[in-house]
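Report on the following structure.
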Amino acid sequence: MNNQRKTKKQLLEELERERELLVQERDRSLALQEVSNKLAGAHDTDEVLDLIVNEAARLVDVPFMNLRLLEGDVLVSRAATEPAAAYAAEAHVHDEEEGPSASRHAMAIREAIHGDEMITAKTIEHLRSFGFYGVAIFPLLANDRSIGTLSVADRRARLLTDDETSLLSAFADQASLALEKARLLNEAETERARAETERERSDALYRVSNRLAGAHDTDEVLDLIVNEAARLLGAPAAILQLLKGGVLVAGAATKSASAFAAEASSVRPALKVEPDTTMVGHVMFTKKPYTTIDTANDELVAPEGRRLSEKHGFHGAAFSPLVANDQSIGVLTVMDTRIRLFTDDEVSLLSAFADQASLALEKARLLNEA
């Protein structure tokens, strides 16, 4: 009887273990399915990554889960469970102090690292200062490249089972998919925005060309140029200045730059078209564009120009010379109220507007001479 009762007890225990395994397997499948559904529909990558670390931690019953992404040369935490947040906040600093790390090794070999393998004594000590022991690190792989890591740790020393390792590898793969999807969406959005910007710029230059071809009102064309240049470069102000009798005078300006232009024309002394004298003189002498992140603090800007920039709140600026018959006849300038460095594409567009202004002025000169 005792043997029979023992056998029944064992059978019941085995059935209970089987039931628990089935429940666990179902729970894991549902969690992975939830992440997959979120990944398929959501554009919020951070939301997906938060779900991954918290579900992964719950299903393998650990408090510590930290997902880090390689940004430049630094692994930066993108998602972490609440107990891991303090460690995650300073982990990249600690890694930089340590040099080569277990995370870097896992990324290099593209395989998970378990236990204390390849983990330096100082890193182990650092983890234990937060109360964490057993460690495993899973690389995040996308397009055959390692892009980050998923790290797990417990409050006690332990090794992950094969099932837990398989599950965490699946979560790491889903994190990689989420990050790769975000990258592709960002690239597509960047390309769409670039194409839209290019189309808008082409349309603006075409409008100016049409106006230039048909109109005899040079001032109207120059007004269009300064306003379109400011709009397309995302700057609040633009001014076009012409060299007349050795002095720069305002040829056109956006409404926001009109006070600056009027004051600049009234106080500016005779301009020396020489290198390294003043910003405008330098641009006209070299016949090349120039940018500055802050006209109010650039030594190449004349003292009076720096004072005016400071007074009117202008800082970042880009200058492009107006050239006709190989002679500099003026300068087209866009100005921002922020500290700003204009990009090469923006300077190229400004130069195209400056060329159109030169054509308008040369056309007016020829018509006057006729």
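Starting from 1 in every chain, residues are counted up; chains themselves are A, B, ... following the order of the structure tokens, and ligands are numbered from 1 as listed.
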
Would you pick out the contacts of region 79-87 of chain A at 6 Å or less, using only C-alpha atoms, so that residues sharing its chain but fewer than 4 positions from it are not included, and give the list as a PDB file with N, CA and C atoms, in the first residue's frame?
ATOM      1  N   LEU A  49      10.784  48.402 -26.339  1.00  0.00           N
ATOM      2  CA  LEU A  49      11.961  47.982 -25.568  1.00  0.00           C
ATOM      3  C   LEU A  49      11.638  47.867 -24.082  1.00  0.00           C
ATOM      4  N   ASP A  50      10.833  48.794 -23.566  1.00  0.00           N
ATOM      5  CA  ASP A  50      10.408  48.704 -22.158  1.00  0.00           C
ATOM      6  C   ASP A  50       9.615  47.429 -21.912  1.00  0.00           C
ATOM      7  N   ASN A  54      10.911  44.255 -19.350  1.00  0.00           N
ATOM      8  CA  ASN A  54      10.063  43.911 -18.201  1.00  0.00           C
ATOM      9  C   ASN A  54       9.446  42.521 -18.333  1.00  0.00           C
ATOM     10  N   PHE A  64      16.840  42.241 -12.544  1.00  0.00           N
ATOM     11  CA  PHE A  64      17.738  43.114 -13.309  1.00  0.00           C
ATOM     12  C   PHE A  64      17.691  42.747 -14.788  1.00  0.00           C
ATOM     13  N   MET A  65      17.328  43.734 -15.611  1.00  0.00           N
ATOM     14  CA  MET A  65      17.386  43.579 -17.059  1.00  0.00           C
ATOM     15  C   MET A  65      17.733  44.941 -17.634  1.00  0.00           C
ATOM     16  N   ASN A  66      18.776  44.990 -18.433  1.00  0.00           N
ATOM     17  CA  ASN A  66      19.251  46.260 -18.981  1.00  0.00           C
ATOM     18  C   ASN A  66      19.564  46.077 -20.458  1.00  0.00           C
ATOM     19  N   LEU A  67      18.911  46.869 -21.294  1.00  0.00           N
ATOM     20  CA  LEU A  67      19.145  46.803 -22.737  1.00  0.00           C
ATOM     21  C   LEU A  67      19.933  48.036 -23.147  1.00  0.00           C
ATOM     22  N   ALA A  91      26.228  52.872 -16.072  1.00  0.00           N
ATOM     23  CA  ALA A  91      26.954  51.715 -16.609  1.00  0.00           C
ATOM     24  C   ALA A  91      27.933  52.105 -17.702  1.00  0.00           C
TER      25      ALA A  91
END

Show me, as a PDB file with N, CA and C atoms, in the first residue's frame, the residues that have an atom within 12 Å of region 211-214 of chain A when counting only C-alpha atoms, minus same-chain residues fewer than 4 positions from it.
ATOM      1  N   ALA A 204      11.348  77.031 -55.417  1.00  0.00           N
ATOM      2  CA  ALA A 204      11.648  78.426 -55.079  1.00  0.00           C
ATOM      3  C   ALA A 204      12.618  79.036 -56.086  1.00  0.00           C
ATOM      4  N   LEU A 205      13.659  78.290 -56.428  1.00  0.00           N
ATOM      5  CA  LEU A 205      14.625  78.794 -57.407  1.00  0.00           C
ATOM      6  C   LEU A 205      13.970  78.975 -58.776  1.00  0.00           C
ATOM      7  N   TYR A 206      13.048  78.072 -59.107  1.00  0.00           N
ATOM      8  CA  TYR A 206      12.331  78.173 -60.385  1.00  0.00           C
ATOM      9  C   TYR A 206      11.453  79.421 -60.410  1.00  0.00           C
ATOM     10  N   ARG A 207      10.772  79.699 -59.281  1.00  0.00           N
ATOM     11  CA  ARG A 207       9.933  80.897 -59.209  1.00  0.00           C
ATOM     12  C   ARG A 207      10.763  82.168 -59.390  1.00  0.00           C
ATOM     13  N   THR A 218      13.740  95.159 -60.561  1.00  0.00           N
ATOM     14  CA  THR A 218      14.826  94.466 -59.861  1.00  0.00           C
ATOM     15  C   THR A 218      14.564  94.379 -58.367  1.00  0.00           C
ATOM     16  N   ASP A 219      14.027  95.437 -57.779  1.00  0.00           N
ATOM     17  CA  ASP A 219      13.758  95.424 -56.335  1.00  0.00           C
ATOM     18  C   ASP A 219      12.789  94.309 -55.964  1.00  0.00           C
ATOM     19  N   GLU A 220      11.819  94.075 -56.828  1.00  0.00           N
ATOM     20  CA  GLU A 220      10.843  93.014 -56.577  1.00  0.00           C
ATOM     21  C   GLU A 220      11.533  91.649 -56.553  1.00  0.00           C
ATOM     22  N   VAL A 221      12.453  91.442 -57.492  1.00  0.00           N
ATOM     23  CA  VAL A 221      13.190  90.174 -57.552  1.00  0.00           C
ATOM     24  C   VAL A 221      14.076  90.014 -56.320  1.00  0.00           C
ATOM     25  N   LEU A 222      14.762  91.079 -55.923  1.00  0.00           N
ATOM     26  CA  LEU A 222      15.655  90.998 -54.760  1.00  0.00           C
ATOM     27  C   LEU A 222      14.868  90.752 -53.477  1.00  0.00           C
ATOM     28  N   ASP A 223      13.698  91.381 -53.369  1.00  0.00           N
ATOM     29  CA  ASP A 223      12.844  91.127 -52.196  1.00  0.00           C
ATOM     30  C   ASP A 223      12.423  89.664 -52.139  1.00  0.00           C
ATOM     31  N   LEU A 224      12.067  89.116 -53.293  1.00  0.00           N
ATOM     32  CA  LEU A 224      11.689  87.700 -53.348  1.00  0.00           C
ATOM     33  C   LEU A 224      12.859  86.821 -52.927  1.00  0.00           C
ATOM     34  N   ILE A 225      14.054  87.164 -53.381  1.00  0.00           N
ATOM     35  CA  ILE A 225      15.242  86.362 -53.072  1.00  0.00           C
ATOM     36  C   ILE A 225      15.531  86.339 -51.574  1.00  0.00           C
ATOM     37  N   PHE A 353      20.895  81.358 -54.583  1.00  0.00           N
ATOM     38  CA  PHE A 353      20.109  82.597 -54.496  1.00  0.00           C
ATOM     39  C   PHE A 353      20.992  83.819 -54.777  1.00  0.00           C
ATOM     40  N   ASP A 355      23.574  83.888 -56.703  1.00  0.00           N
ATOM     41  CA  ASP A 355      23.805  83.911 -58.154  1.00  0.00           C
ATOM     42  C   ASP A 355      22.610  84.519 -58.883  1.00  0.00           C
ATOM     43  N   GLN A 356      21.397  84.199 -58.427  1.00  0.00           N
ATOM     44  CA  GLN A 356      20.212  84.775 -59.062  1.00  0.00           C
ATOM     45  C   GLN A 356      20.138  86.283 -58.820  1.00  0.00           C
ATOM     46  N   ALA A 357      20.524  86.704 -57.620  1.00  0.00           N
ATOM     47  CA  ALA A 357      20.557  88.142 -57.341  1.00  0.00           C
ATOM     48  C   ALA A 357      21.564  88.839 -58.252  1.00  0.00           C
ATOM     49  N   SER A 358      22.716  88.212 -58.460  1.00  0.00           N
ATOM     50  CA  SER A 358      23.738  88.782 -59.349  1.00  0.00           C
ATOM     51  C   SER A 358      23.197  88.920 -60.768  1.00  0.00           C
ATOM     52  N   LEU A 359      22.459  87.891 -61.227  1.00  0.00           N
ATOM     53  CA  LEU A 359      21.866  87.943 -62.567  1.00  0.00           C
ATOM     54  C   LEU A 359      20.855  89.079 -62.674  1.00  0.00           C
ATOM     55  N   ALA A 360      20.029  89.232 -61.633  1.00  0.00           N
ATOM     56  CA  ALA A 360      19.028  90.300 -61.646  1.00  0.00           C
ATOM     57  C   ALA A 360      19.694  91.669 -61.719  1.00  0.00           C
ATOM     58  N   LEU A 361      20.744  91.859 -60.952  1.00  0.00           N
ATOM     59  CA  LEU A 361      21.445  93.143 -60.932  1.00  0.00           C
ATOM     60  C   LEU A 361      22.187  93.394 -62.242  1.00  0.00           C
ATOM     61  N   GLU A 362      22.779  92.347 -62.801  1.00  0.00           N
ATOM     62  CA  GLU A 362      23.488  92.497 -64.074  1.00  0.00           C
ATOM     63  C   GLU A 362      22.501  92.795 -65.197  1.00  0.00           C
ATOM     64  N   LYS A 363      21.332  92.139 -65.150  1.00  0.00           N
ATOM     65  CA  LYS A 363      20.293  92.410 -66.149  1.00  0.00           C
ATOM     66  C   LYS A 363      19.838  93.861 -66.061  1.00  0.00           C
ATOM     67  N   ALA A 364      19.654  94.350 -64.844  1.00  0.00           N
ATOM     68  CA  ALA A 364      19.234  95.744 -64.656  1.00  0.00           C
ATOM     69  C   ALA A 364      20.290  96.701 -65.185  1.00  0.00           C
TER      70      ALA A 364
END

Mind giving me the straight-line distance from CA of Asn368 (chain A) to CA of Asn210 (chain A) in Å, one decimal?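 Here the two named atoms are 20.6 Å from each other.
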
Excluding same-chain residues fewer than 2 positions from Gly148 (chain A), what lies within 8 Å of it counting only C-alpha atoms, as an MDAnalysis selection string? chainID A and resid 67:70 75 107 139:141 146 150

Those residues with C-alpha atoms, as a CSV table (one decimal), in the first residue's frame please?
chain,number,residue,atom,x,y,z
A,67,LEU,CA,19.1,46.8,-22.7
A,68,ARG,CA,22.0,48.9,-24.1
A,69,LEU,CA,22.5,50.2,-27.6
A,70,LEU,CA,25.8,51.1,-29.2
A,75,LEU,CA,26.9,51.5,-25.0
A,107,MET,CA,29.1,41.7,-29.1
A,139,PRO,CA,24.2,40.4,-28.0
A,140,LEU,CA,21.7,42.3,-30.2
A,141,LEU,CA,22.3,41.5,-33.8
A,146,SER,CA,26.3,43.7,-33.2
A,150,LEU,CA,20.6,42.6,-23.3

Residues within 12 Å of region 168-170 of chain A, please, as a CSV table (one decimal) with N, CA and C atoms, in the first residue's frame. Count only C-alpha atoms; anything in the same chain fewer than 3 positions from it doesn't count.
chain,number,residue,atom,x,y,z
A,28,ARG,N,5.0,32.3,-21.7
A,28,ARG,CA,6.2,32.8,-22.5
A,28,ARG,C,5.7,33.1,-23.9
A,29,SER,N,4.9,32.1,-24.5
A,29,SER,CA,4.5,32.3,-25.9
A,29,SER,C,3.6,33.6,-26.0
A,31,ALA,N,3.7,36.2,-24.1
A,31,ALA,CA,4.5,37.4,-23.9
A,31,ALA,C,5.3,37.7,-25.2
A,32,LEU,N,5.8,36.7,-25.8
A,32,LEU,CA,6.5,36.9,-27.1
A,32,LEU,C,5.6,37.4,-28.2
A,33,GLN,N,4.3,36.8,-28.2
A,33,GLN,CA,3.3,37.3,-29.1
A,33,GLN,C,2.9,38.7,-28.9
A,35,VAL,N,4.8,41.1,-27.6
A,35,VAL,CA,5.9,41.9,-28.1
A,35,VAL,C,5.8,42.0,-29.6
A,36,SER,N,5.6,40.8,-30.3
A,36,SER,CA,5.5,40.8,-31.7
A,36,SER,C,4.4,41.7,-32.3
A,52,ILE,N,9.9,44.7,-23.6
A,52,ILE,CA,10.8,43.5,-23.7
A,52,ILE,C,11.5,43.3,-22.4
A,53,VAL,N,12.2,44.3,-21.8
A,53,VAL,CA,13.0,44.1,-20.6
A,53,VAL,C,12.1,43.7,-19.5
A,54,ASN,N,10.9,44.3,-19.3
A,54,ASN,CA,10.1,43.9,-18.2
A,54,ASN,C,9.4,42.5,-18.3
A,55,GLU,N,9.0,42.1,-19.5
A,55,GLU,CA,8.5,40.8,-19.8
A,55,GLU,C,9.6,39.7,-19.6
A,56,ALA,N,10.8,40.0,-20.2
A,56,ALA,CA,11.9,39.1,-20.1
A,56,ALA,C,12.2,38.9,-18.6
A,57,ALA,N,12.3,40.0,-17.8
A,57,ALA,CA,12.7,39.8,-16.4
A,57,ALA,C,11.6,39.0,-15.7
A,58,ARG,N,10.3,39.3,-16.0
A,58,ARG,CA,9.2,38.6,-15.3
A,58,ARG,C,9.3,37.1,-15.6
A,59,LEU,N,9.5,36.7,-16.8
A,59,LEU,CA,9.4,35.3,-17.2
A,59,LEU,C,10.6,34.5,-16.8
A,60,VAL,N,11.8,35.1,-16.6
A,60,VAL,CA,12.9,34.3,-16.0
A,60,VAL,C,13.1,34.6,-14.5
A,61,ASP,N,12.2,35.4,-14.0
A,61,ASP,CA,12.1,35.7,-12.5
A,61,ASP,C,13.5,36.3,-12.0
A,62,VAL,N,13.9,37.4,-12.7
A,62,VAL,CA,15.0,38.2,-12.2
A,62,VAL,C,14.7,39.6,-12.1
A,65,MET,N,17.3,43.7,-15.6
A,65,MET,CA,17.4,43.6,-17.1
A,65,MET,C,17.7,44.9,-17.6
A,67,LEU,N,18.9,46.9,-21.3
A,67,LEU,CA,19.1,46.8,-22.7
A,67,LEU,C,19.9,48.0,-23.1
A,110,ARG,N,29.5,37.6,-30.9
A,110,ARG,CA,28.0,37.4,-31.2
A,110,ARG,C,27.4,36.2,-30.6
A,111,GLU,N,27.8,36.0,-29.4
A,111,GLU,CA,27.2,34.9,-28.6
A,111,GLU,C,27.0,35.4,-27.2
A,112,ALA,N,26.0,34.7,-26.5
A,112,ALA,CA,25.7,35.0,-25.1
A,112,ALA,C,26.9,34.6,-24.2
A,113,ILE,N,27.1,35.4,-23.2
A,113,ILE,CA,28.1,35.1,-22.1
A,113,ILE,C,27.4,34.8,-20.8
A,136,ALA,N,24.2,37.3,-17.1
A,136,ALA,CA,24.3,36.8,-18.5
A,136,ALA,C,24.1,38.0,-19.4
A,137,ILE,N,24.9,37.9,-20.6
A,137,ILE,CA,24.8,39.0,-21.5
A,137,ILE,C,24.5,38.5,-22.9
A,138,PHE,N,23.5,39.0,-23.6
A,138,PHE,CA,23.1,38.6,-24.9
A,138,PHE,C,23.3,39.7,-25.9
A,139,PRO,N,24.0,39.4,-27.0
A,139,PRO,CA,24.2,40.4,-28.0
A,139,PRO,C,23.0,40.7,-28.8
A,140,LEU,N,22.8,41.9,-29.2
A,140,LEU,CA,21.7,42.3,-30.2
A,140,LEU,C,22.3,42.3,-31.6
A,141,LEU,N,21.7,41.6,-32.5
A,141,LEU,CA,22.3,41.5,-33.8
A,141,LEU,C,21.3,41.9,-34.9
A,149,THR,N,23.4,45.2,-26.4
A,149,THR,CA,23.4,44.0,-25.5
A,149,THR,C,22.1,44.0,-24.7
A,150,LEU,N,21.7,42.8,-24.3
A,150,LEU,CA,20.6,42.6,-23.3
A,150,LEU,C,21.3,41.9,-22.1
A,151,SER,N,21.4,42.6,-21.0
A,151,SER,CA,22.0,42.0,-19.8
A,151,SER,C,21.0,41.6,-18.7
A,152,VAL,N,21.3,40.5,-18.0
A,152,VAL,CA,20.4,40.0,-17.0
A,152,VAL,C,21.2,39.7,-15.8
A,160,LEU,N,21.6,30.5,-15.8
A,160,LEU,CA,20.3,30.4,-16.5
A,160,LEU,C,20.2,29.0,-17.0
A,161,THR,N,18.9,28.5,-17.1
A,161,THR,CA,18.7,27.2,-17.7
A,161,THR,C,18.7,27.3,-19.2
A,162,ASP,N,18.8,26.2,-19.9
A,162,ASP,CA,18.7,26.2,-21.4
A,162,ASP,C,17.5,26.9,-21.9
A,163,ASP,N,16.3,26.6,-21.2
A,163,ASP,CA,15.0,27.2,-21.6
A,163,ASP,C,15.1,28.7,-21.4
A,164,GLU,N,15.6,29.2,-20.3
A,164,GLU,CA,15.7,30.6,-20.0
A,164,GLU,C,16.6,31.3,-21.0
A,165,THR,N,17.7,30.6,-21.3
A,165,THR,CA,18.7,31.2,-22.3
A,165,THR,C,18.0,31.3,-23.7
A,173,ASP,N,16.4,39.0,-29.9
A,173,ASP,CA,16.1,39.1,-31.3
A,173,ASP,C,15.0,40.1,-31.6
A,174,GLN,N,13.9,40.1,-30.7
A,174,GLN,CA,12.8,41.0,-30.9
A,174,GLN,C,13.3,42.4,-30.7
A,175,ALA,N,14.2,42.6,-29.7
A,175,ALA,CA,14.7,44.0,-29.5
A,175,ALA,C,15.5,44.4,-30.7
A,176,SER,N,16.3,43.5,-31.3
A,176,SER,CA,17.0,43.9,-32.5
A,176,SER,C,16.1,44.2,-33.7
A,177,LEU,N,15.0,43.5,-33.8
A,177,LEU,CA,14.0,43.8,-34.8
A,177,LEU,C,13.4,45.2,-34.6

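Minimum distance to Ala318 (chain A) across A:Leu233, A:Ala262, A:Ala296, A:Leu242 (counting only C-alpha atoms) occurs at A:Leu233.
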
Residues of region 54-247 of chain A in strand (DSSP E or B), written as an MDAnalysis selection string: chainID A and resid 64:71 74:80 113:114 135:142 145:153 237:244 247
